Amino acid sequence: MFLAVLAALPAVQQAPAQTAPPANPPPPEFRAGLGDLMTMWVQPRHIKLGLAGQAGNWSYAAYELHEMQEAFQKVARYVPQWRSMPVAEMLPALTKVPLAAMERAIQAQDAARFAAAYEQLTEGCNQCHQAADRGMIVIRGPTGNPFPDQDFRPRAP
Ligand code: HEC
């Protein structure tokens, strides 16, 4: 049908030969800084993990914990060093223990132990910010849900 319509159109006039338009210069290499990666990858995972724990949604908390670990690994890979700070070493040093504790708490479906491990993780965030002379960046557990299109409650069985 489209072909018929096309055929019915008068032949398109040949455009006069044009000089080639100047080629666009290639875009600069995309580089996100540590602050960008924190805001893009780390902060939303930290919020969602907190909301999952508050809702006692253990299967989602397990999923999100894995996402958080991956986010840290990616940050360490993309920004192994920030100024004089060895991010690739600092990140696991500050987060490994609380993340492992959180994993055990999720497996045990233990809200109190999860909350303690979450607080320990959050302290790790702030310890690093202080060590990096970024002590004005203060992280805490979420006090509200900034993701209104996502239901953090466990799915009814
Ligand atoms: C290895 C050290 C380190 C750890 C651990 C760390 N951060 Fe950061 N974070 C930084 C540094 C350094 C900056 C500042 C980067 C800059 O200024 O470019 C930063 C910046 C941020 C920012 C951007 C602040 C803003 O308002 O724009 C957020 C948000 C953030 N971090 C959240 C977190 C959270 C949440 C955690 C823990 C789950 C965490 N960070 C753990 C080093 C760390």
# chains A, B, ... in the order shown; residues from 1 in each chain; ligands from 1
>>> residues_near_ligand(ligand="ligand 1", cutoff="7 Å", atoms="only C-alpha atoms and all ligand atoms", output="JSON, numbers by chain")
{"A": [33, 34, 35, 36, 38, 39, 42, 43, 46, 82, 87, 90, 91, 94, 95, 121, 122, 124, 125, 126, 128, 129, 132, 134, 137, 139]}
>>> write_last_selection(atoms="C-alpha atoms", output="compact mmCIF listing (two decimals), in the first residue's frame")
# COMPACT_ATOMS: atom_id res chain seq x y z
CA GLY A 33 33.73 11.63 37.58
CA LEU A 34 33.59 9.90 40.95
CA GLY A 35 30.84 12.27 42.15
CA ASP A 36 28.78 11.36 39.06
CA MET A 38 28.31 8.01 43.30
CA THR A 39 25.12 9.83 42.33
CA VAL A 42 25.94 4.12 44.51
CA GLN A 43 23.36 6.49 46.01
CA HIS A 46 21.97 2.56 48.93
CA TRP A 82 40.67 9.87 43.14
CA VAL A 87 39.52 4.25 45.78
CA MET A 90 39.37 2.00 50.13
CA LEU A 91 36.02 0.85 48.75
CA LEU A 94 35.19 0.11 54.10
CA THR A 95 32.28 -1.89 52.68
CA LEU A 121 27.68 0.43 55.67
CA THR A 122 26.42 4.00 55.89
CA GLY A 124 31.64 3.46 55.77
CA CYS A 125 30.22 5.93 53.22
CA ASN A 126 30.74 8.81 55.62
CA CYS A 128 35.38 7.72 53.22
CA HIS A 129 33.83 11.12 52.54
CA ALA A 132 38.49 12.46 51.16
CA ARG A 134 34.31 15.67 51.51
CA ILE A 137 28.56 14.81 52.03
CA ILE A 139 24.77 9.89 54.05
>>> residues_around(residues="Tyr78 (chain A)", least_positions_apart="4", cutoff="10 Å", atoms="only C-alpha atoms", output="PyMOL selection string")
chain A and resi 31-34+37+72-74+87-88
>>> write_last_selection(atoms="N, CA and C atoms", output="short mmCIF file (atom, residue, chain, number, x, y, z; two decimals), in the first residue's frame")
data_model
loop_
_atom_site.label_atom_id
_atom_site.label_comp_id
_atom_site.auth_asym_id
_atom_site.auth_seq_id
_atom_site.Cartn_x
_atom_site.Cartn_y
_atom_site.Cartn_z
N ARG A 31 33.37 10.79 29.98
CA ARG A 31 34.05 10.51 31.24
C ARG A 31 33.20 11.01 32.39
N ALA A 32 32.73 10.08 33.23
CA ALA A 32 32.00 10.46 34.43
C ALA A 32 32.98 10.51 35.59
N GLY A 33 32.86 11.52 36.42
CA GLY A 33 33.73 11.63 37.58
C GLY A 33 33.22 10.79 38.74
N LEU A 34 33.99 10.71 39.79
CA LEU A 34 33.59 9.90 40.95
C LEU A 34 32.27 10.39 41.53
N LEU A 37 29.47 9.06 39.44
CA LEU A 37 29.23 7.62 39.63
C LEU A 37 28.55 7.36 40.98
N PHE A 72 29.81 -0.84 43.47
CA PHE A 72 31.12 -0.56 44.07
C PHE A 72 32.24 -1.09 43.18
N GLN A 73 32.06 -2.30 42.65
CA GLN A 73 33.11 -2.89 41.80
C GLN A 73 33.33 -2.02 40.56
N LYS A 74 32.22 -1.53 40.01
CA LYS A 74 32.36 -0.70 38.80
C LYS A 74 33.06 0.61 39.13
N VAL A 87 40.93 4.65 45.68
CA VAL A 87 39.52 4.25 45.78
C VAL A 87 39.38 2.73 45.66
N ALA A 88 40.16 2.12 44.75
CA ALA A 88 40.03 0.68 44.50
C ALA A 88 40.34 -0.14 45.76
#
>>> residues_around(residues="region 48-58 of chain A", least_positions_apart="2", cutoff="6 Å", atoms="only C-alpha atoms", output="mmCIF file with all heavy atoms, in the first residue's frame")
data_model
loop_
_atom_site.group_PDB
_atom_site.id
_atom_site.type_symbol
_atom_site.label_atom_id
_atom_site.label_comp_id
_atom_site.auth_asym_id
_atom_site.auth_seq_id
_atom_site.Cartn_x
_atom_site.Cartn_y
_atom_site.Cartn_z
ATOM 1 N N ARG A 45 21.275 2.822 44.827
ATOM 2 C CA ARG A 45 21.327 1.454 45.371
ATOM 3 C C ARG A 45 21.252 1.487 46.890
ATOM 4 O O ARG A 45 20.593 0.645 47.505
ATOM 5 C CB ARG A 45 22.622 0.748 44.952
ATOM 6 C CG ARG A 45 22.838 0.641 43.466
ATOM 7 C CD ARG A 45 21.785 -0.200 42.806
ATOM 8 N NE ARG A 45 22.043 -0.357 41.381
ATOM 9 C CZ ARG A 45 21.112 -0.649 40.503
ATOM 10 N NH1 ARG A 45 19.860 -0.818 40.880
ATOM 11 N NH2 ARG A 45 21.402 -0.768 39.246
ATOM 12 N N HIS A 46 21.967 2.444 47.469
ATOM 13 C CA HIS A 46 21.973 2.559 48.934
ATOM 14 C C HIS A 46 20.560 2.882 49.437
ATOM 15 O O HIS A 46 20.086 2.300 50.412
ATOM 16 C CB HIS A 46 22.973 3.652 49.339
ATOM 17 C CG HIS A 46 23.069 3.897 50.815
ATOM 18 N ND1 HIS A 46 22.416 4.935 51.435
ATOM 19 C CD2 HIS A 46 23.714 3.220 51.796
ATOM 20 C CE1 HIS A 46 22.677 4.883 52.739
ATOM 21 N NE2 HIS A 46 23.461 3.869 52.988
ATOM 22 N N TYR A 60 14.006 -9.050 47.524
ATOM 23 C CA TYR A 60 14.447 -7.844 46.811
ATOM 24 C C TYR A 60 15.734 -7.290 47.440
ATOM 25 O O TYR A 60 16.632 -6.828 46.724
ATOM 26 C CB TYR A 60 13.338 -6.784 46.804
ATOM 27 C CG TYR A 60 13.787 -5.508 46.146
ATOM 28 C CD1 TYR A 60 13.996 -5.454 44.773
ATOM 29 C CD2 TYR A 60 14.038 -4.364 46.895
ATOM 30 C CE1 TYR A 60 14.443 -4.301 44.164
ATOM 31 C CE2 TYR A 60 14.482 -3.200 46.296
ATOM 32 C CZ TYR A 60 14.689 -3.172 44.934
ATOM 33 O OH TYR A 60 15.148 -2.026 44.339
ATOM 34 N N ALA A 61 15.833 -7.359 48.764
ATOM 35 C CA ALA A 61 17.041 -6.869 49.442
ATOM 36 C C ALA A 61 18.263 -7.658 48.954
ATOM 37 O O ALA A 61 19.330 -7.080 48.724
ATOM 38 C CB ALA A 61 16.893 -6.990 50.951
ATOM 39 N N GLU A 64 19.124 -6.376 45.540
ATOM 40 C CA GLU A 64 19.677 -5.029 45.563
ATOM 41 C C GLU A 64 21.067 -4.997 46.195
ATOM 42 O O GLU A 64 21.911 -4.187 45.811
ATOM 43 C CB GLU A 64 18.709 -4.088 46.297
ATOM 44 C CG GLU A 64 18.910 -2.622 46.005
ATOM 45 C CD GLU A 64 18.807 -2.270 44.523
ATOM 46 O OE1 GLU A 64 18.284 -3.082 43.729
ATOM 47 O OE2 GLU A 64 19.276 -1.189 44.163
ATOM 48 N N ILE A 106 20.112 -10.872 55.640
ATOM 49 C CA ILE A 106 19.053 -11.101 54.648
ATOM 50 C C ILE A 106 18.689 -12.581 54.610
ATOM 51 O O ILE A 106 17.510 -12.948 54.610
ATOM 52 C CB ILE A 106 19.504 -10.591 53.256
ATOM 53 C CG1 ILE A 106 19.581 -9.069 53.249
ATOM 54 C CG2 ILE A 106 18.553 -11.084 52.178
ATOM 55 C CD1 ILE A 106 20.238 -8.474 52.019
ATOM 56 N N PHE A 152 8.153 -1.282 47.173
ATOM 57 C CA PHE A 152 9.234 -1.987 47.869
ATOM 58 C C PHE A 152 8.723 -3.062 48.813
ATOM 59 O O PHE A 152 9.503 -3.774 49.416
ATOM 60 C CB PHE A 152 10.125 -0.968 48.598
ATOM 61 C CG PHE A 152 10.923 -0.123 47.649
ATOM 62 C CD1 PHE A 152 10.453 1.110 47.235
ATOM 63 C CD2 PHE A 152 12.122 -0.589 47.118
ATOM 64 C CE1 PHE A 152 11.175 1.879 46.325
ATOM 65 C CE2 PHE A 152 12.845 0.170 46.210
ATOM 66 C CZ PHE A 152 12.371 1.406 45.810
ATOM 67 N N ARG A 153 7.400 -3.154 48.939
ATOM 68 C CA ARG A 153 6.860 -4.167 49.852
ATOM 69 C C ARG A 153 6.990 -5.554 49.223
ATOM 70 O O ARG A 153 6.975 -5.689 47.999
ATOM 71 C CB ARG A 153 5.372 -3.887 50.134
ATOM 72 C CG ARG A 153 5.144 -2.597 50.920
ATOM 73 C CD ARG A 153 3.691 -2.234 50.924
ATOM 74 N NE ARG A 153 3.177 -2.074 49.551
ATOM 75 C CZ ARG A 153 1.919 -1.777 49.248
ATOM 76 N NH1 ARG A 153 1.025 -1.615 50.195
ATOM 77 N NH2 ARG A 153 1.556 -1.649 47.996
ATOM 78 N N PRO A 154 7.114 -6.568 50.069
ATOM 79 C CA PRO A 154 7.170 -7.921 49.513
ATOM 80 C C PRO A 154 5.888 -8.208 48.749
ATOM 81 O O PRO A 154 4.806 -7.778 49.166
ATOM 82 C CB PRO A 154 7.283 -8.819 50.741
ATOM 83 C CG PRO A 154 7.523 -7.942 51.911
ATOM 84 C CD PRO A 154 7.140 -6.555 51.540
#
>>> closest_residue(among="A:Val75, A:Val138, A:Ala100, A:Met40", to="Ala62 (chain A)", atoms="only C-alpha atoms")
A:Ala100
>>> closest_residue(among="A:Arg155, A:Arg77, A:Arg104, A:His66", to="Ala116 (chain A)", atoms="only C-alpha atoms")
A:Arg104
>>> closest_residue(among="A:Ala156, A:Ile47, A:Met85, A:Ala108", to="Glu67 (chain A)", atoms="only C-alpha atoms")
A:Ile47
>>> residues_around(residues="Ala105 (chain A)", least_positions_apart="6", cutoff="9 Å", atoms="only C-alpha atoms", output="PyMOL selection string")
chain A and resi 111-115+117
>>> write_last_selection(atoms="N, CA and C atoms", output="compact mmCIF listing (two decimals), in the first residue's frame")
# COMPACT_ATOMS: atom_id res chain seq x y z
N ALA A 111 15.55 -8.46 60.67
CA ALA A 111 15.45 -7.01 60.43
C ALA A 111 16.42 -6.23 61.31
N ALA A 112 16.61 -6.64 62.56
CA ALA A 112 17.47 -5.89 63.47
C ALA A 112 18.93 -5.99 63.01
N ARG A 113 19.33 -7.20 62.61
CA ARG A 113 20.72 -7.36 62.15
C ARG A 113 20.92 -6.64 60.82
N PHE A 114 19.90 -6.65 60.00
CA PHE A 114 20.00 -5.92 58.73
C PHE A 114 20.20 -4.42 59.01
N ALA A 115 19.40 -3.89 59.91
CA ALA A 115 19.47 -2.45 60.22
C ALA A 115 20.86 -2.10 60.76
N ALA A 117 23.72 -3.70 60.15
CA ALA A 117 24.69 -3.79 59.06
C ALA A 117 24.54 -2.61 58.10
>>> atom_distance(atom1="CA of Ser84 (chain A)", atom2="CA of Gly141 (chain A)")
28.4 Å
>>> select_by_dssp(residues="chain A", states="alpha helix (DSSP H)", output="JSON, numbers by chain")
{"A": [2, 3, 4, 5, 6, 7, 8, 34, 35, 36, 37, 43, 44, 45, 46, 47, 48, 49, 50, 51, 52, 53, 54, 55, 58, 59, 60, 61, 62, 63, 64, 65, 66, 67, 68, 69, 70, 71, 72, 73, 74, 75, 76, 77, 78, 87, 88, 89, 90, 91, 92, 93, 94, 95, 96, 97, 98, 99, 100, 101, 102, 103, 104, 105, 106, 107, 108, 111, 112, 113, 114, 115, 116, 117, 118, 119, 120, 121, 122, 123, 124, 125, 126, 127, 128, 129, 130, 131]}
